[in-house]
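What follows is one structure encoded as C-alpha cells, with my remarks underneath.
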Amino acid sequence: MIYLNNAATSFPKPKEVRDAVLASFNGPLVHASRTGLEREDDDIIYLCRTRLADLFNIEDPLQIVFTSGSTEALNLAIKGLPLEGGNVIISAIEHNSVIRPLKTLEKEGKITLTIVGCDRNGYIEPQQFAEVLRDDTRAIVVNHCSNVTGAVLDVAEIAKIAHSVGAYIIVDASQSAGAIPIDCRAWDIDLLAFTGHKSLYGMQGIGGLYIKKGIELKPLKVGGTGILSELLLQPEGVPIHYEAGTPNTPGIISLYAGVQFVLQTGLDNIIEHKKKLYQILFDELGDNPDIEIYSPRKHTSYSNFCFNVKGMVPEEVGYVLEESFDIWVRTGLHCAPLILPYLGVEPWGTVRASHSFFTQEEEIYKFIDALRKITIIPKRK
Amino acid sequence: MKVVKQKKVDDCYESSNTVDFLLSGPITKDFVEHLGKLGKLLLFEEFDKPYFKVIVKGEYTIKGAFGKKTIRILLPEDEIDYPLDKLIQHIECFKK
C-alpha cells in the first residue's frame, strides 16, 4: 500500500512513537502528582508540554492545554472567548472545526461572521483581512495551512491586523504543527489549536490549545482534576482549569514521542524531504493537460498535492487509485466546503495526495505513473 | 456469486448515493462480463488490477477491480431507497 493521506492522519508513525505507546502498557498510568520523587522525571505530561513549547516557541509550557484534538481545542477557544455581540472574521480555507462552531454562534444571533475569500490555490493576502476588519471585530480565526491545497498563510501579519482593533487571533495549526515553523511568541499568537495525529506523528485523540498568558476562557467541561479535590468548583489556573477528566495519557505519550522525533529530525530536514517530493509531482504532472492542479507552488507546506483529473469526478480517481493501484488518497470536500467555489471545484471537490517525511521517492513515481494511466478513463467512452 | 454484505458509503466528503457490495468471491473477468450484460462495459485491463465500469443508462453505474471482493454501485442522487433486488439477483445467478 502507498499511503498518501497524511493530511488526514499520518502513517506510518516513527518507531519511537510505536515503542513508547506499547511501553506505556507495561505499568499503571498514574497521575504524576501521586507518584514518588523517584518518578519525577516520568511526568510525561509535563515533558510533552515542554517539548511542544520548544517546537512552537511558547514561553511557559503550562500555557498548553491538552484536548482530544484540534476540533475540541477550537471549540474551547471559540466558545470560551467573549465573542458575543461582536464580529468574527474567518477565511474560505477554514475546516468545519472552525466553520461549524462559528456558524452555530451566528445562527443563535450571538455573532456576525465575515468570510474572506481566497485565490484558486487557497492563498489569502493578509491585507484581505484588513479590508474587512470592523470596529466590533472580536476575533480572526484563521487556518495556518489549508488542509485542501496546502497553502500557507502569513499568520504573523494577520495577527497584527487582528490586534490593531483589539481582536484575538486564533490559529488553526492542524496541518502546520510539525510540518512548518510556528512561532507563537514572535507572531504574537493568542490561541493556537493543534492536533497530534498528523505531522506530530502521535495517535488520534490527542491535541491541544496554546493560550497566551492573560487570556481567560470559559472551560468547555469541568470535573475531576486528580488534585485539589476539596474544591467544589473547577480549580483556577492553566492548564488545570481546562483539563477536567482523566487525561489521555497514552495519547500524550505518543505525542511526546512524536514531537521528540520532529525536534530531533529537524523541521528543516522534514521540509526538505517533502519539498523534494512536491517538486517531483510538479515536474512530472505540472504540464499534464489532463490534470488540473490546485496546490500552490509558493506559500505552501509542500505536503498536499491537490488536483482533479479532467472529465472525472474526484471520487472515481480516488477509487481507482485505491482499488487498482493500492494507493490511498483522499477525495471530496475535505471538510472544508467554503473553499470549493474559489478553486472552481463545485460540487465534487478535489483529490488530495498528501505525503509525509516517511514517503519514499519511488512511491511518488508510482503514484505519478498510476495517475497518468487513469487519465485514459474519461477518454474511453 | 453471493452478495455477502452491503453498506451505504457515507463518508463526510461524499455526497453521492453510493452502495458497496461485499461479494462471496473475488471479481474475475467472467464475472465482469456477466455484469456487463446489464449495460455498457468499460474495461481498463492495463491497470495494475484491471478496472471496470458497467453503465446502466438512466439507472446506475457499477465499478470495481479484478481480484477484489467489493463492487461499488453509484445510484441516482434523488433515489435514496433505490431497489437493488434485480441487481442482486443478476449477481447471484453467476455460478462460475
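How things are named: the first chain in the C-alpha cells is A, the next is B, and so on; residues count from 1 in each chain; ligands count from 1 in the order shown.
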Within 9 Å of chain B, which residues of chain A come that close, and what is the closest atom pair and distance in Å for each? Count only C-alpha atoms and give it as JSON lines.
{"residue": "A:Glu315", "atom": "CA", "partner": "B:Glu14", "partner_atom": "CA", "distance": 7.7}
{"residue": "A:Tyr319", "atom": "CA", "partner": "B:Gly64", "partner_atom": "CA", "distance": 8.5}
{"residue": "A:Val320", "atom": "CA", "partner": "B:Tyr51", "partner_atom": "CA", "distance": 7.2}
{"residue": "A:Glu323", "atom": "CA", "partner": "B:Ala65", "partner_atom": "CA", "distance": 5.9}
{"residue": "A:Ser324", "atom": "CA", "partner": "B:Lys49", "partner_atom": "CA", "distance": 4.4}
{"residue": "A:Phe325", "atom": "CA", "partner": "B:Asp48", "partner_atom": "CA", "distance": 5.7}
{"residue": "A:Asp326", "atom": "CA", "partner": "B:Asp48", "partner_atom": "CA", "distance": 8.8}
{"residue": "A:Arg330", "atom": "CA", "partner": "B:Tyr13", "partner_atom": "CA", "distance": 9.0}
{"residue": "A:Thr331", "atom": "CA", "partner": "B:Tyr13", "partner_atom": "CA", "distance": 7.1}
{"residue": "A:Gly332", "atom": "CA", "partner": "B:Tyr13", "partner_atom": "CA", "distance": 4.9}
{"residue": "A:Leu333", "atom": "CA", "partner": "B:Tyr13", "partner_atom": "CA", "distance": 5.0}
{"residue": "A:His334", "atom": "CA", "partner": "B:Tyr13", "partner_atom": "CA", "distance": 5.9}
{"residue": "A:Cys335", "atom": "CA", "partner": "B:Tyr13", "partner_atom": "CA", "distance": 6.5}
{"residue": "A:Pro347", "atom": "CA", "partner": "B:Ser15", "partner_atom": "CA", "distance": 8.7}
{"residue": "A:Trp348", "atom": "CA", "partner": "B:Ser15", "partner_atom": "CA", "distance": 7.8}
{"residue": "A:Gly349", "atom": "CA", "partner": "B:Tyr13", "partner_atom": "CA", "distance": 8.5}
{"residue": "A:Ala370", "atom": "CA", "partner": "B:Phe47", "partner_atom": "CA", "distance": 7.8}
{"residue": "A:Lys373", "atom": "CA", "partner": "B:Phe47", "partner_atom": "CA", "distance": 7.2}
{"residue": "A:Ile374", "atom": "CA", "partner": "B:Phe47", "partner_atom": "CA", "distance": 8.1}
{"residue": "A:Ile376", "atom": "CA", "partner": "B:Phe44", "partner_atom": "CA", "distance": 8.8}
{"residue": "A:Ile377", "atom": "CA", "partner": "B:Phe44", "partner_atom": "CA", "distance": 7.8}
{"residue": "A:Arg380", "atom": "CA", "partner": "B:Leu42", "partner_atom": "CA", "distance": 7.7}
{"residue": "A:Lys381", "atom": "CA", "partner": "B:Leu42", "partner_atom": "CA", "distance": 7.6}
Limited to C-alpha atoms, could you put the picked residues into a file as a CSV table (one decimal), in the first residue's frame?
chain,number,residue,atom,x,y,z
A,315,GLU,CA,-14.3,10.1,-6.0
A,319,TYR,CA,-11.5,4.8,-6.0
A,320,VAL,CA,-9.4,3.7,-9.0
A,323,GLU,CA,-8.7,-0.4,-6.0
A,324,SER,CA,-6.5,-0.8,-9.0
A,325,PHE,CA,-3.1,0.6,-7.7
A,326,ASP,CA,-3.4,0.3,-3.9
A,330,ARG,CA,-8.5,11.5,0.0
A,331,THR,CA,-11.2,12.8,-2.3
A,332,GLY,CA,-14.2,15.2,-2.0
A,333,LEU,CA,-14.7,18.3,0.1
A,334,HIS,CA,-12.1,17.5,2.8
A,335,CYS,CA,-14.5,19.0,5.4
A,347,PRO,CA,-19.8,20.2,-6.2
A,348,TRP,CA,-17.5,17.3,-6.1
A,349,GLY,CA,-14.3,18.8,-4.7
A,370,ALA,CA,-0.9,5.4,-11.9
A,373,LYS,CA,-2.8,5.7,-16.7
A,374,ILE,CA,-6.0,6.9,-15.0
A,376,ILE,CA,-7.4,7.5,-20.1
A,377,ILE,CA,-10.7,6.7,-18.3
A,380,ARG,CA,-12.8,5.9,-23.4
A,381,LYS,CA,-16.5,6.5,-23.5
Quiz item: Counting only C-alpha atoms, what is within 12 Å of stretch 287-291 of chain A, bar same-chain residues fewer than 6 positions away, as an MDAnalysis selection string?
Solution: chainID A and resid 281 305:312 314 317 350:351 368 371:379
Report the residues of chain B whose backbone DSSP state falls under strand (DSSP E or B), written as a PDB file with N, CA, C and O atoms, in the first residue's frame.
ATOM      1  N   VAL B   3     -24.038 -11.887  -2.681  1.00  0.00           N
ATOM      2  CA  VAL B   3     -23.788 -10.588  -2.044  1.00  0.00           C
ATOM      3  C   VAL B   3     -23.803 -10.851  -0.539  1.00  0.00           C
ATOM      4  O   VAL B   3     -24.846 -11.122   0.051  1.00  0.00           O
ATOM      5  N   VAL B   4     -22.635 -10.803   0.072  1.00  0.00           N
ATOM      6  CA  VAL B   4     -22.490 -11.164   1.484  1.00  0.00           C
ATOM      7  C   VAL B   4     -22.970 -10.030   2.394  1.00  0.00           C
ATOM      8  O   VAL B   4     -23.586 -10.253   3.426  1.00  0.00           O
ATOM      9  N   LYS B   5     -22.649  -8.827   1.975  1.00  0.00           N
ATOM     10  CA  LYS B   5     -22.959  -7.668   2.830  1.00  0.00           C
ATOM     11  C   LYS B   5     -23.095  -6.444   1.938  1.00  0.00           C
ATOM     12  O   LYS B   5     -22.405  -6.354   0.918  1.00  0.00           O
ATOM     13  N   GLN B   6     -23.953  -5.527   2.309  1.00  0.00           N
ATOM     14  CA  GLN B   6     -23.999  -4.254   1.581  1.00  0.00           C
ATOM     15  C   GLN B   6     -23.950  -3.095   2.556  1.00  0.00           C
ATOM     16  O   GLN B   6     -24.465  -3.187   3.675  1.00  0.00           O
ATOM     17  N   LYS B   7     -23.314  -2.026   2.106  1.00  0.00           N
ATOM     18  CA  LYS B   7     -23.124  -0.877   3.007  1.00  0.00           C
ATOM     19  C   LYS B   7     -23.238   0.419   2.210  1.00  0.00           C
ATOM     20  O   LYS B   7     -22.621   0.546   1.147  1.00  0.00           O
ATOM     21  N   LYS B   8     -24.011   1.337   2.757  1.00  0.00           N
ATOM     22  CA  LYS B   8     -24.093   2.650   2.122  1.00  0.00           C
ATOM     23  C   LYS B   8     -22.788   3.385   2.387  1.00  0.00           C
ATOM     24  O   LYS B   8     -22.297   3.400   3.522  1.00  0.00           O
ATOM     25  N   ASN B  17     -25.104   9.105  -3.865  1.00  0.00           N
ATOM     26  CA  ASN B  17     -25.900   7.992  -3.328  1.00  0.00           C
ATOM     27  C   ASN B  17     -25.205   6.699  -3.756  1.00  0.00           C
ATOM     28  O   ASN B  17     -25.392   6.230  -4.871  1.00  0.00           O
ATOM     29  N   THR B  18     -24.398   6.161  -2.880  1.00  0.00           N
ATOM     30  CA  THR B  18     -23.494   5.078  -3.257  1.00  0.00           C
ATOM     31  C   THR B  18     -23.609   3.901  -2.300  1.00  0.00           C
ATOM     32  O   THR B  18     -23.731   4.082  -1.099  1.00  0.00           O
ATOM     33  N   VAL B  19     -23.568   2.684  -2.880  1.00  0.00           N
ATOM     34  CA  VAL B  19     -23.623   1.473  -2.066  1.00  0.00           C
ATOM     35  C   VAL B  19     -22.464   0.561  -2.462  1.00  0.00           C
ATOM     36  O   VAL B  19     -22.144   0.443  -3.651  1.00  0.00           O
ATOM     37  N   ASP B  20     -21.830  -0.053  -1.487  1.00  0.00           N
ATOM     38  CA  ASP B  20     -20.809  -1.066  -1.752  1.00  0.00           C
ATOM     39  C   ASP B  20     -21.390  -2.450  -1.465  1.00  0.00           C
ATOM     40  O   ASP B  20     -22.081  -2.628  -0.453  1.00  0.00           O
ATOM     41  N   PHE B  21     -21.097  -3.410  -2.341  1.00  0.00           N
ATOM     42  CA  PHE B  21     -21.467  -4.814  -2.113  1.00  0.00           C
ATOM     43  C   PHE B  21     -20.195  -5.604  -1.830  1.00  0.00           C
ATOM     44  O   PHE B  21     -19.240  -5.541  -2.615  1.00  0.00           O
ATOM     45  N   LEU B  22     -20.209  -6.360  -0.732  1.00  0.00           N
ATOM     46  CA  LEU B  22     -19.140  -7.328  -0.492  1.00  0.00           C
ATOM     47  C   LEU B  22     -19.599  -8.653  -1.095  1.00  0.00           C
ATOM     48  O   LEU B  22     -20.688  -9.144  -0.770  1.00  0.00           O
ATOM     49  N   LEU B  23     -18.767  -9.224  -1.957  1.00  0.00           N
ATOM     50  CA  LEU B  23     -19.137 -10.451  -2.665  1.00  0.00           C
ATOM     51  C   LEU B  23     -18.501 -11.669  -2.001  1.00  0.00           C
ATOM     52  O   LEU B  23     -17.528 -11.546  -1.248  1.00  0.00           O
ATOM     53  N   LYS B  40     -23.486  -0.998 -20.555  1.00  0.00           N
ATOM     54  CA  LYS B  40     -22.254  -0.784 -21.313  1.00  0.00           C
ATOM     55  C   LYS B  40     -21.048  -1.059 -20.423  1.00  0.00           C
ATOM     56  O   LYS B  40     -20.921  -0.479 -19.345  1.00  0.00           O
ATOM     57  N   LEU B  41     -20.172  -1.952 -20.910  1.00  0.00           N
ATOM     58  CA  LEU B  41     -18.993  -2.314 -20.117  1.00  0.00           C
ATOM     59  C   LEU B  41     -17.761  -1.547 -20.602  1.00  0.00           C
ATOM     60  O   LEU B  41     -17.446  -1.558 -21.793  1.00  0.00           O
ATOM     61  N   LEU B  42     -17.084  -0.887 -19.663  1.00  0.00           N
ATOM     62  CA  LEU B  42     -15.792  -0.247 -19.954  1.00  0.00           C
ATOM     63  C   LEU B  42     -14.745  -0.992 -19.139  1.00  0.00           C
ATOM     64  O   LEU B  42     -14.884  -1.130 -17.929  1.00  0.00           O
ATOM     65  N   LEU B  43     -13.698  -1.452 -19.808  1.00  0.00           N
ATOM     66  CA  LEU B  43     -12.689  -2.267 -19.129  1.00  0.00           C
ATOM     67  C   LEU B  43     -11.302  -1.657 -19.337  1.00  0.00           C
ATOM     68  O   LEU B  43     -10.940  -1.311 -20.459  1.00  0.00           O
ATOM     69  N   PHE B  44     -10.558  -1.548 -18.257  1.00  0.00           N
ATOM     70  CA  PHE B  44      -9.211  -0.968 -18.319  1.00  0.00           C
ATOM     71  C   PHE B  44      -8.231  -2.029 -17.829  1.00  0.00           C
ATOM     72  O   PHE B  44      -7.837  -2.048 -16.661  1.00  0.00           O
ATOM     73  N   TYR B  51      -9.530  -2.470 -14.039  1.00  0.00           N
ATOM     74  CA  TYR B  51     -10.672  -1.714 -13.521  1.00  0.00           C
ATOM     75  C   TYR B  51     -11.813  -1.804 -14.522  1.00  0.00           C
ATOM     76  O   TYR B  51     -11.578  -1.825 -15.728  1.00  0.00           O
ATOM     77  N   PHE B  52     -13.032  -1.872 -14.009  1.00  0.00           N
ATOM     78  CA  PHE B  52     -14.182  -1.920 -14.920  1.00  0.00           C
ATOM     79  C   PHE B  52     -15.301  -1.004 -14.435  1.00  0.00           C
ATOM     80  O   PHE B  52     -15.404  -0.701 -13.239  1.00  0.00           O
ATOM     81  N   LYS B  53     -16.093  -0.609 -15.398  1.00  0.00           N
ATOM     82  CA  LYS B  53     -17.325   0.138 -15.101  1.00  0.00           C
ATOM     83  C   LYS B  53     -18.427  -0.450 -15.961  1.00  0.00           C
ATOM     84  O   LYS B  53     -18.204  -0.721 -17.146  1.00  0.00           O
ATOM     85  N   VAL B  54     -19.574  -0.645 -15.367  1.00  0.00           N
ATOM     86  CA  VAL B  54     -20.750  -1.044 -16.144  1.00  0.00           C
ATOM     87  C   VAL B  54     -21.773   0.071 -15.983  1.00  0.00           C
ATOM     88  O   VAL B  54     -22.226   0.353 -14.864  1.00  0.00           O
ATOM     89  N   ILE B  55     -22.086   0.716 -17.094  1.00  0.00           N
ATOM     90  CA  ILE B  55     -23.021   1.841 -17.043  1.00  0.00           C
ATOM     91  C   ILE B  55     -24.395   1.367 -17.514  1.00  0.00           C
ATOM     92  O   ILE B  55     -24.556   0.961 -18.679  1.00  0.00           O
ATOM     93  N   VAL B  56     -25.334   1.370 -16.598  1.00  0.00           N
ATOM     94  CA  VAL B  56     -26.712   1.006 -16.936  1.00  0.00           C
ATOM     95  C   VAL B  56     -27.463   2.332 -17.078  1.00  0.00           C
ATOM     96  O   VAL B  56     -27.809   2.974 -16.079  1.00  0.00           O
ATOM     97  N   TYR B  60     -27.998   3.053 -12.963  1.00  0.00           N
ATOM     98  CA  TYR B  60     -26.873   3.091 -12.030  1.00  0.00           C
ATOM     99  C   TYR B  60     -25.576   2.735 -12.750  1.00  0.00           C
ATOM    100  O   TYR B  60     -25.599   2.302 -13.931  1.00  0.00           O
ATOM    101  N   THR B  61     -24.474   2.913 -12.062  1.00  0.00           N
ATOM    102  CA  THR B  61     -23.165   2.512 -12.586  1.00  0.00           C
ATOM    103  C   THR B  61     -22.511   1.585 -11.560  1.00  0.00           C
ATOM    104  O   THR B  61     -22.516   1.881 -10.364  1.00  0.00           O
ATOM    105  N   ILE B  62     -21.956   0.472 -12.057  1.00  0.00           N
ATOM    106  CA  ILE B  62     -21.226  -0.455 -11.180  1.00  0.00           C
ATOM    107  C   ILE B  62     -19.741  -0.298 -11.507  1.00  0.00           C
ATOM    108  O   ILE B  62     -19.365  -0.181 -12.677  1.00  0.00           O
ATOM    109  N   LYS B  63     -18.905  -0.316 -10.487  1.00  0.00           N
ATOM    110  CA  LYS B  63     -17.474  -0.286 -10.771  1.00  0.00           C
ATOM    111  C   LYS B  63     -16.718  -1.143  -9.769  1.00  0.00           C
ATOM    112  O   LYS B  63     -17.208  -1.439  -8.668  1.00  0.00           O
ATOM    113  N   GLY B  64     -15.523  -1.540 -10.167  1.00  0.00           N
ATOM    114  CA  GLY B  64     -14.701  -2.374  -9.294  1.00  0.00           C
ATOM    115  C   GLY B  64     -13.409  -2.748  -9.979  1.00  0.00           C
ATOM    116  O   GLY B  64     -13.109  -2.246 -11.075  1.00  0.00           O
ATOM    117  N   ALA B  65     -12.644  -3.613  -9.331  1.00  0.00           N
ATOM    118  CA  ALA B  65     -11.360  -4.035  -9.891  1.00  0.00           C
ATOM    119  C   ALA B  65     -11.212  -5.546  -9.750  1.00  0.00           C
ATOM    120  O   ALA B  65     -11.688  -6.138  -8.770  1.00  0.00           O
ATOM    121  N   THR B  70     -15.127  -6.423  -3.546  1.00  0.00           N
ATOM    122  CA  THR B  70     -16.147  -5.382  -3.369  1.00  0.00           C
ATOM    123  C   THR B  70     -16.420  -4.674  -4.694  1.00  0.00           C
ATOM    124  O   THR B  70     -15.485  -4.369  -5.432  1.00  0.00           O
ATOM    125  N   ILE B  71     -17.699  -4.445  -4.964  1.00  0.00           N
ATOM    126  CA  ILE B  71     -18.063  -3.576  -6.084  1.00  0.00           C
ATOM    127  C   ILE B  71     -18.810  -2.370  -5.523  1.00  0.00           C
ATOM    128  O   ILE B  71     -19.398  -2.436  -4.445  1.00  0.00           O
ATOM    129  N   ARG B  72     -18.726  -1.277  -6.257  1.00  0.00           N
ATOM    130  CA  ARG B  72     -19.409  -0.041  -5.828  1.00  0.00           C
ATOM    131  C   ARG B  72     -20.515   0.280  -6.827  1.00  0.00           C
ATOM    132  O   ARG B  72     -20.299   0.201  -8.045  1.00  0.00           O
ATOM    133  N   ILE B  73     -21.655   0.636  -6.309  1.00  0.00           N
ATOM    134  CA  ILE B  73     -22.793   0.976  -7.168  1.00  0.00           C
ATOM    135  C   ILE B  73     -23.181   2.435  -6.926  1.00  0.00           C
ATOM    136  O   ILE B  73     -23.519   2.812  -5.800  1.00  0.00           O
ATOM    137  N   LEU B  74     -23.096   3.216  -7.987  1.00  0.00           N
ATOM    138  CA  LEU B  74     -23.484   4.632  -7.905  1.00  0.00           C
ATOM    139  C   LEU B  74     -24.930   4.738  -8.355  1.00  0.00           C
ATOM    140  O   LEU B  74     -25.254   4.450  -9.514  1.00  0.00           O
ATOM    141  N   LEU B  75     -25.781   5.141  -7.432  1.00  0.00           N
ATOM    142  CA  LEU B  75     -27.221   5.184  -7.685  1.00  0.00           C
ATOM    143  C   LEU B  75     -27.672   6.605  -7.978  1.00  0.00           C
ATOM    144  O   LEU B  75     -26.954   7.560  -7.667  1.00  0.00           O
TER     145      LEU B  75
END
Quiz item: Which residues, written as an NGL selection string, have at least one atom at most 7 Å from stretch 89-98 of chain A, with only C-alpha atoms counted and residues fewer than 6 positions away on the same chain left out?
Solution: :A and (71 or 74 or 113-118 or 122 or 139-143 or 146 or 335-336 or 338-339)
Quiz prompt | Length of the atom CA of A:Asn147 to atom CA of A:Ser174 vector [Å] | solution = 8.2 Å
